[in-house]
Amino acid sequence: MANAPVRRRPRGSAGADGETRRGCVTAKGVPVSRVVVVSGGGTGIGRSIAERFAAGGDEVFVLGRRPEPLDAVAAARPEAAIHPVPVDLTDTDQVIEVGKRLGERTVDVLVNNAGGIVRDEEPGLAGAFDGFRRTVERNLLSAMMLTEAVWPAVRRPGGRVVNISSIAGQRGGGDAYAAAKAGMIAWGYDLAARGGGEGITVNTVSPGYVQDTEFFNARGRSARHDALVGQTLLGRAGTPDDIAGAVHFLASPDASWITGQVLGVNGGALLGR
Ligand SMILES: NC(=O)c1ccc[n+]([C@@H]2O[C@H](COP(=O)([O-])OP(=O)(O)OC[C@H]3O[C@@H](n4cnc5c(N)ncnc54)[C@H](OP(=O)(O)O)[C@@H]3O)[C@@H](O)[C@H]2O)c1
């Protein structure tokens with residue numbers, strides 16, 4: 001992990017709303033300016049999540065492999081405390097290092113958002129096996145490893161973990177990708193049980209089709225755009241902001257009695273039970 005310089009707002013300085021924030025807590029004991037970690041925070045849904053928390057005055061660490069998108073998120077909001085942390089979350093040593101760095105702080109919110117489809121598979125069985133392995137590493141093990149590394153630093157009580165799964169994890173779609181995303185849901189149940197006694201909530205957001213991200217083509221659109229929009233009850237694709245809003249709510253004091261849940265944010269493409 002490269003040690004990118006950390007730009008900090010001075011302690012006790014004014015936040016976005018002009019209120020003096022650092023070190024303050026609300027009447028419910030919730031820190032006014034939280035420490036938030038967003039994996040995959042340089043692009044798409046993760047960027048929108050990071051920007052949502054930063055706009056509220058929170059200090060946000062954005063994680064991803066490429067430094068450029070992470071730097072761009074920080075540069076777009078020079079008034080905010082956004083810290084780029086380049087890291088490959090499938091690499092054991094890098095995750096241990098990043099865990100040590102983030103563990104120097106008390107982490108209020110951890111958003112496991114990094115993931116996506118593995119595209120450059122070699123032909124043949126060996127290539128298929130490699131694709132399965134890399135897909136599970138990118139989507140499931142990355143989240144499990146980062147969480148394990150950061151877990152001791154998560155605020156007790158009051159910490160929040162939000163995992164980003166997928167509608168594919170609930171209804172299939174993408175083979176190993178669907179398996180990994182389904183795994184996130186089941187792992188989230190166990191993590192919620194582990195955190196409950198310490199006042200840490202763990203929930204899963206399961207997005208449907210969200211355009212304007214790097215997940216699809218250069219225009220951020222699926223080749224099946226019209227069909228996927230047609231599956232929704234609301235007649236439109238999701239936006240990264242739609243997902244960010246749900247994550248922000250689950251990390252809020254209003255969601256303090258919600259844990260171990262899966263929130264579908266899919267325009268009605270898959271109905272809840
Ligand atoms: N878009 C949709 O329709 C949709 C639907 C359901 C679920 N999701 C899920 O939503 C999440 C965000 O996806 P998105 O649509 O916003 O696509 P995206 O723009 O491709 O975002 C994925 C992010 O994950 C990061 N990432 C991937 N592998 C990583 C690794 N090994 N280590 C660290 N970071 C890694 C990427 O950054 P680097 O490449 O720089 O590492 C990128 O910032 C994913 O988990 C995806 O599966 C998306």
# chains A, B, ... in the order shown; residues from 1 in each chain; ligands from 1
call {"tool": "residues_around", "arguments": {"residues": "stretch 43-46 of chain A", "least_positions_apart": "3", "cutoff": "7 Å", "atoms": "only C-alpha atoms", "output": "number ranges by chain"}}
result
A: 38-40, 49-50, 69, 113, 212-214, 240, 243-244
call {"tool": "select_by_dssp", "arguments": {"residues": "stretch 13-244 of chain A", "states": "alpha helix (DSSP H)", "output": "short mmCIF file (atom, residue, chain, number, x, y, z; two decimals) with C-alpha atoms, in the first residue's frame"}}
result
data_model
loop_
_atom_site.label_atom_id
_atom_site.label_comp_id
_atom_site.auth_asym_id
_atom_site.auth_seq_id
_atom_site.Cartn_x
_atom_site.Cartn_y
_atom_site.Cartn_z
CA GLY A 44 -19.18 4.59 -9.48
CA ILE A 45 -21.25 3.65 -6.47
CA GLY A 46 -18.31 3.85 -4.05
CA ARG A 47 -17.43 7.37 -5.13
CA SER A 48 -21.01 8.49 -4.62
CA ILE A 49 -21.05 6.88 -1.16
CA ALA A 50 -17.77 8.60 -0.23
CA GLU A 51 -19.02 11.97 -1.46
CA ARG A 52 -22.28 11.59 0.46
CA PHE A 53 -20.46 11.07 3.77
CA ALA A 54 -17.88 13.79 3.01
CA ALA A 55 -20.66 16.27 2.23
CA PRO A 67 -4.41 5.89 -7.23
CA GLU A 68 -5.75 8.18 -10.00
CA PRO A 69 -9.50 7.77 -9.38
CA LEU A 70 -8.95 8.01 -5.63
CA ASP A 71 -6.95 11.23 -6.03
CA ALA A 72 -9.67 12.59 -8.31
CA VAL A 73 -12.32 12.06 -5.62
CA ALA A 74 -10.21 13.96 -3.09
CA ALA A 75 -9.35 16.72 -5.60
CA ALA A 76 -13.02 17.27 -6.48
CA THR A 92 -3.02 -10.41 2.05
CA ASP A 93 0.03 -8.29 2.91
CA GLN A 94 -1.53 -5.09 1.57
CA VAL A 95 -4.73 -5.64 3.55
CA ILE A 96 -2.77 -6.26 6.74
CA GLU A 97 -0.85 -3.01 6.15
CA VAL A 98 -3.99 -1.00 5.41
CA GLY A 99 -5.63 -2.50 8.51
CA LYS A 100 -2.73 -1.23 10.62
CA ARG A 101 -3.03 2.24 9.13
CA LEU A 102 -6.80 2.49 9.51
CA GLY A 124 -10.12 -23.69 -21.11
CA LEU A 125 -10.75 -25.17 -17.70
CA ALA A 126 -7.69 -23.64 -16.06
CA GLY A 127 -8.84 -20.21 -17.25
CA ALA A 128 -12.35 -20.82 -15.93
CA PHE A 129 -11.01 -21.91 -12.55
CA ASP A 130 -8.81 -18.83 -12.41
CA GLY A 131 -11.83 -16.67 -13.22
CA PHE A 132 -13.86 -18.28 -10.41
CA ARG A 133 -11.03 -17.73 -7.94
CA ARG A 134 -10.42 -14.10 -8.88
CA THR A 135 -14.14 -13.31 -8.85
CA VAL A 136 -14.59 -14.68 -5.35
CA SER A 142 -11.70 -8.65 -0.25
CA ALA A 143 -14.59 -7.60 2.01
CA MET A 144 -13.96 -10.36 4.55
CA MET A 145 -10.24 -9.61 4.78
CA LEU A 146 -10.67 -5.84 5.05
CA THR A 147 -13.35 -6.23 7.71
CA GLU A 148 -11.25 -8.66 9.73
CA ALA A 149 -8.28 -6.27 9.56
CA VAL A 150 -10.32 -3.23 10.60
CA ALA A 168 -27.35 -11.29 -8.64
CA GLY A 169 -26.62 -12.67 -5.17
CA GLN A 170 -30.36 -13.05 -4.60
CA ARG A 171 -31.59 -14.33 -7.98
CA ALA A 176 -19.11 -17.02 -9.70
CA TYR A 177 -20.11 -13.36 -9.34
CA ALA A 178 -23.58 -14.40 -8.13
CA ALA A 179 -22.05 -16.98 -5.79
CA ALA A 180 -19.67 -14.43 -4.28
CA LYS A 181 -22.43 -11.85 -3.83
CA ALA A 182 -24.71 -14.46 -2.23
CA GLY A 183 -21.80 -15.32 0.04
CA MET A 184 -21.63 -11.70 1.14
CA ILE A 185 -25.21 -11.89 2.34
CA ALA A 186 -24.65 -15.05 4.40
CA TRP A 187 -21.36 -13.76 5.80
CA GLY A 188 -23.14 -10.52 6.73
CA TYR A 189 -25.55 -12.49 8.93
CA ASP A 190 -22.67 -14.00 10.90
CA LEU A 191 -20.91 -10.64 11.15
CA ALA A 192 -24.11 -9.05 12.48
CA ALA A 193 -24.29 -11.75 15.16
CA ARG A 194 -20.66 -11.14 16.04
CA GLY A 195 -21.09 -7.37 16.31
CA GLY A 196 -24.47 -7.26 18.01
CA HIS A 225 -29.92 -1.72 -20.64
CA ASP A 226 -33.47 -1.71 -21.99
CA ALA A 227 -34.25 -5.22 -20.71
CA LEU A 228 -32.88 -4.44 -17.24
CA VAL A 229 -34.81 -1.17 -17.03
CA GLY A 230 -37.89 -3.08 -18.18
CA GLN A 231 -37.59 -5.42 -15.18
CA PRO A 240 -24.92 5.63 -7.74
CA ASP A 241 -26.74 8.21 -5.60
CA ASP A 242 -29.67 5.84 -5.12
CA ILE A 243 -27.32 3.36 -3.48
CA ALA A 244 -25.40 6.02 -1.54
#
call {"tool": "residues_around", "arguments": {"residues": "A:Ala255", "least_positions_apart": "5", "cutoff": "10 Å", "atoms": "only C-alpha atoms", "output": "PyMOL selection string"}}
result
chain A and resi 160+201+248-250
call {"tool": "atom_distance", "arguments": {"atom1": "atom 46 (C, counted along the ligand's line) of ligand 1", "atom2": "atom CA of A:Gly159"}}
result
22.9 Å
call {"tool": "residues_around", "arguments": {"residues": "A:Ile200", "least_positions_apart": "5", "cutoff": "12 Å", "atoms": "only C-alpha atoms", "output": "MDAnalysis selection string"}}
result
chainID A and resid 107:110 151:162 191:195 250:251 253 255:260
call {"tool": "select_by_dssp", "arguments": {"residues": "stretch 37-230 of chain A", "states": "strand (DSSP E or B)", "output": "PyMOL selection string"}}
result
chain A and resi 37-39+59-64+82-86+107+109-112+154+160-164+201-207+210
call {"tool": "closest_atom_pairs", "arguments": {"of": "chain A", "to": "ligand 1", "cutoff": "6 Å", "atoms": "only C-alpha atoms and all ligand atoms", "output": "CSV"}}
result
residue,atom,partner,partner_atom_place_in_ligand_line,distance
A:Gly40,CA,ligand 1,43 (O),3.6
A:Gly41,CA,ligand 1,43 (O),5.4
A:Gly42,CA,ligand 1,43 (O),4.6
A:Thr43,CA,ligand 1,43 (O),4.3
A:Gly44,CA,ligand 1,16 (O),3.5
A:Ile45,CA,ligand 1,16 (O),3.7
A:Gly46,CA,ligand 1,16 (O),5.6
A:Gly64,CA,ligand 1,34 (N),3.5
A:Arg65,CA,ligand 1,41 (O),3.6
A:Arg66,CA,ligand 1,40 (O),3.8
A:Val87,CA,ligand 1,33 (C),5.7
A:Asp88,CA,ligand 1,32 (N),3.7
A:Leu89,CA,ligand 1,32 (N),3.8
A:Thr90,CA,ligand 1,31 (N),4.9
A:Asn113,CA,ligand 1,45 (O),4.7
A:Ala114,CA,ligand 1,24 (O),3.5
A:Gly115,CA,ligand 1,45 (O),3.6
A:Gly116,CA,ligand 1,47 (O),4.1
A:Arg138,CA,ligand 1,31 (N),5.1
A:Ile164,CA,ligand 1,45 (O),5.7
A:Ser165,CA,ligand 1,7 (C),5.6
A:Ser166,CA,ligand 1,6 (C),3.9
A:Ile167,CA,ligand 1,6 (C),5.9
A:Pro207,CA,ligand 1,6 (C),4.3
A:Gly208,CA,ligand 1,5 (C),4.9
A:Tyr209,CA,ligand 1,3 (O),3.8
A:Val210,CA,ligand 1,3 (O),3.6
A:Gln211,CA,ligand 1,1 (N),5.7
A:Thr213,CA,ligand 1,19 (O),4.2
A:Glu214,CA,ligand 1,19 (O),3.7
A:Phe215,CA,ligand 1,17 (O),3.9
call {"tool": "write_last_selection", "arguments": {"atoms": "C-alpha atoms", "output": "PDB file, in the first residue's frame"}}
result
ATOM      1  CA  GLY A  40     -13.891   0.920  -4.178  1.00  0.00           C
ATOM      2  CA  GLY A  41     -14.424   4.581  -3.307  1.00  0.00           C
ATOM      3  CA  GLY A  42     -12.737   5.950  -6.419  1.00  0.00           C
ATOM      4  CA  THR A  43     -15.472   5.221  -8.953  1.00  0.00           C
ATOM      5  CA  GLY A  44     -19.175   4.588  -9.478  1.00  0.00           C
ATOM      6  CA  ILE A  45     -21.248   3.653  -6.466  1.00  0.00           C
ATOM      7  CA  GLY A  46     -18.307   3.852  -4.047  1.00  0.00           C
ATOM      8  CA  GLY A  64      -8.965   1.048  -4.460  1.00  0.00           C
ATOM      9  CA  ARG A  65      -6.116  -0.305  -6.564  1.00  0.00           C
ATOM     10  CA  ARG A  66      -5.624   2.690  -8.887  1.00  0.00           C
ATOM     11  CA  VAL A  87      -4.555  -0.933  -1.974  1.00  0.00           C
ATOM     12  CA  ASP A  88      -5.346  -4.232  -3.682  1.00  0.00           C
ATOM     13  CA  LEU A  89      -7.853  -5.781  -1.294  1.00  0.00           C
ATOM     14  CA  THR A  90      -7.164  -9.278  -2.616  1.00  0.00           C
ATOM     15  CA  ASN A 113     -18.223  -1.795  -1.797  1.00  0.00           C
ATOM     16  CA  ALA A 114     -15.224  -2.927  -3.905  1.00  0.00           C
ATOM     17  CA  GLY A 115     -16.005  -5.636  -6.425  1.00  0.00           C
ATOM     18  CA  GLY A 116     -17.103  -6.337  -9.952  1.00  0.00           C
ATOM     19  CA  ARG A 138     -12.516  -9.572  -5.685  1.00  0.00           C
ATOM     20  CA  ILE A 164     -22.619  -4.012  -1.010  1.00  0.00           C
ATOM     21  CA  SER A 165     -23.917  -7.263  -2.504  1.00  0.00           C
ATOM     22  CA  SER A 166     -25.992  -7.458  -5.697  1.00  0.00           C
ATOM     23  CA  ILE A 167     -29.381  -8.500  -6.971  1.00  0.00           C
ATOM     24  CA  PRO A 207     -28.317  -3.014  -5.727  1.00  0.00           C
ATOM     25  CA  GLY A 208     -30.145  -3.801  -8.933  1.00  0.00           C
ATOM     26  CA  TYR A 209     -29.020  -2.357 -12.262  1.00  0.00           C
ATOM     27  CA  VAL A 210     -27.071   0.859 -11.627  1.00  0.00           C
ATOM     28  CA  GLN A 211     -25.714   2.742 -14.622  1.00  0.00           C
ATOM     29  CA  THR A 213     -20.316   3.179 -13.167  1.00  0.00           C
ATOM     30  CA  GLU A 214     -17.260   1.332 -14.520  1.00  0.00           C
ATOM     31  CA  PHE A 215     -19.084  -1.960 -13.960  1.00  0.00           C
TER      32      PHE A 215
END
call {"tool": "residues_around", "arguments": {"residues": "A:Asn163", "least_positions_apart": "3", "cutoff": "7 Å", "atoms": "only C-alpha atoms", "output": "mmCIF file with C-alpha atoms, in the first residue's frame"}}
result
data_model
loop_
_atom_site.group_PDB
_atom_site.id
_atom_site.type_symbol
_atom_site.label_atom_id
_atom_site.label_comp_id
_atom_site.auth_asym_id
_atom_site.auth_seq_id
_atom_site.Cartn_x
_atom_site.Cartn_y
_atom_site.Cartn_z
ATOM 1 C CA VAL A 111 -18.525 0.233 3.628
ATOM 2 C CA ASN A 112 -17.416 -2.889 1.742
ATOM 3 C CA ASN A 113 -18.223 -1.795 -1.797
ATOM 4 C CA ASN A 203 -26.321 -4.714 7.009
ATOM 5 C CA THR A 204 -26.222 -5.537 3.316
ATOM 6 C CA VAL A 205 -27.371 -3.325 0.460
#
call {"tool": "decode", "arguments": {"residues": "stretch 37-60 of chain A", "atoms": "N, CA and C atoms", "output": "PDB file, in the first residue's frame"}}
result
ATOM      1  N   VAL A  37     -14.786   4.475   6.099  1.00  0.00           N
ATOM      2  CA  VAL A  37     -13.918   3.776   5.152  1.00  0.00           C
ATOM      3  C   VAL A  37     -14.798   3.223   4.032  1.00  0.00           C
ATOM      4  N   VAL A  38     -14.469   3.567   2.784  1.00  0.00           N
ATOM      5  CA  VAL A  38     -15.261   3.098   1.640  1.00  0.00           C
ATOM      6  C   VAL A  38     -14.335   2.374   0.675  1.00  0.00           C
ATOM      7  N   SER A  39     -14.486   1.056   0.554  1.00  0.00           N
ATOM      8  CA  SER A  39     -13.675   0.345  -0.445  1.00  0.00           C
ATOM      9  C   SER A  39     -14.283   0.548  -1.828  1.00  0.00           C
ATOM     10  N   GLY A  40     -13.407   0.605  -2.829  1.00  0.00           N
ATOM     11  CA  GLY A  40     -13.891   0.920  -4.178  1.00  0.00           C
ATOM     12  C   GLY A  40     -14.435   2.338  -4.245  1.00  0.00           C
ATOM     13  N   GLY A  41     -13.878   3.223  -3.424  1.00  0.00           N
ATOM     14  CA  GLY A  41     -14.424   4.581  -3.307  1.00  0.00           C
ATOM     15  C   GLY A  41     -13.987   5.541  -4.399  1.00  0.00           C
ATOM     16  N   GLY A  42     -13.225   5.048  -5.375  1.00  0.00           N
ATOM     17  CA  GLY A  42     -12.737   5.950  -6.419  1.00  0.00           C
ATOM     18  C   GLY A  42     -13.665   6.098  -7.610  1.00  0.00           C
ATOM     19  N   THR A  43     -14.616   5.191  -7.756  1.00  0.00           N
ATOM     20  CA  THR A  43     -15.472   5.221  -8.953  1.00  0.00           C
ATOM     21  C   THR A  43     -16.908   4.847  -8.586  1.00  0.00           C
ATOM     22  N   GLY A  44     -17.808   5.110  -9.510  1.00  0.00           N
ATOM     23  CA  GLY A  44     -19.175   4.588  -9.478  1.00  0.00           C
ATOM     24  C   GLY A  44     -19.892   4.748  -8.144  1.00  0.00           C
ATOM     25  N   ILE A  45     -20.443   3.647  -7.691  1.00  0.00           N
ATOM     26  CA  ILE A  45     -21.248   3.653  -6.466  1.00  0.00           C
ATOM     27  C   ILE A  45     -20.401   4.069  -5.266  1.00  0.00           C
ATOM     28  N   GLY A  46     -19.172   3.545  -5.190  1.00  0.00           N
ATOM     29  CA  GLY A  46     -18.307   3.852  -4.047  1.00  0.00           C
ATOM     30  C   GLY A  46     -17.971   5.325  -3.972  1.00  0.00           C
ATOM     31  N   ARG A  47     -17.739   5.934  -5.119  1.00  0.00           N
ATOM     32  CA  ARG A  47     -17.434   7.370  -5.127  1.00  0.00           C
ATOM     33  C   ARG A  47     -18.633   8.166  -4.605  1.00  0.00           C
ATOM     34  N   SER A  48     -19.803   7.785  -5.059  1.00  0.00           N
ATOM     35  CA  SER A  48     -21.006   8.488  -4.620  1.00  0.00           C
ATOM     36  C   SER A  48     -21.212   8.323  -3.107  1.00  0.00           C
ATOM     37  N   ILE A  49     -20.933   7.115  -2.605  1.00  0.00           N
ATOM     38  CA  ILE A  49     -21.048   6.884  -1.157  1.00  0.00           C
ATOM     39  C   ILE A  49     -20.048   7.769  -0.411  1.00  0.00           C
ATOM     40  N   ALA A  50     -18.815   7.792  -0.890  1.00  0.00           N
ATOM     41  CA  ALA A  50     -17.770   8.596  -0.233  1.00  0.00           C
ATOM     42  C   ALA A  50     -18.154  10.074  -0.228  1.00  0.00           C
ATOM     43  N   GLU A  51     -18.651  10.550  -1.359  1.00  0.00           N
ATOM     44  CA  GLU A  51     -19.017  11.970  -1.462  1.00  0.00           C
ATOM     45  C   GLU A  51     -20.190  12.297  -0.547  1.00  0.00           C
ATOM     46  N   ARG A  52     -21.120  11.360  -0.399  1.00  0.00           N
ATOM     47  CA  ARG A  52     -22.280  11.595   0.463  1.00  0.00           C
ATOM     48  C   ARG A  52     -21.835  11.798   1.914  1.00  0.00           C
ATOM     49  N   PHE A  53     -20.935  10.926   2.389  1.00  0.00           N
ATOM     50  CA  PHE A  53     -20.461  11.071   3.773  1.00  0.00           C
ATOM     51  C   PHE A  53     -19.618  12.346   3.917  1.00  0.00           C
ATOM     52  N   ALA A  54     -18.749  12.609   2.932  1.00  0.00           N
ATOM     53  CA  ALA A  54     -17.885  13.792   3.013  1.00  0.00           C
ATOM     54  C   ALA A  54     -18.725  15.069   3.042  1.00  0.00           C
ATOM     55  N   ALA A  55     -19.808  15.081   2.277  1.00  0.00           N
ATOM     56  CA  ALA A  55     -20.660  16.271   2.232  1.00  0.00           C
ATOM     57  C   ALA A  55     -21.295  16.545   3.589  1.00  0.00           C
ATOM     58  N   GLY A  56     -21.449  15.487   4.390  1.00  0.00           N
ATOM     59  CA  GLY A  56     -22.004  15.660   5.731  1.00  0.00           C
ATOM     60  C   GLY A  56     -20.949  16.003   6.765  1.00  0.00           C
ATOM     61  N   GLY A  57     -19.703  16.193   6.345  1.00  0.00           N
ATOM     62  CA  GLY A  57     -18.647  16.586   7.271  1.00  0.00           C
ATOM     63  C   GLY A  57     -17.847  15.417   7.820  1.00  0.00           C
ATOM     64  N   ASP A  58     -18.104  14.202   7.334  1.00  0.00           N
ATOM     65  CA  ASP A  58     -17.346  13.047   7.814  1.00  0.00           C
ATOM     66  C   ASP A  58     -15.973  12.992   7.144  1.00  0.00           C
ATOM     67  N   GLU A  59     -15.047  12.318   7.815  1.00  0.00           N
ATOM     68  CA  GLU A  59     -13.706  12.105   7.292  1.00  0.00           C
ATOM     69  C   GLU A  59     -13.721  10.756   6.577  1.00  0.00           C
ATOM     70  N   VAL A  60     -13.329  10.731   5.308  1.00  0.00           N
ATOM     71  CA  VAL A  60     -13.551   9.530   4.510  1.00  0.00           C
ATOM     72  C   VAL A  60     -12.241   9.007   3.926  1.00  0.00           C
TER      73      VAL A  60
END
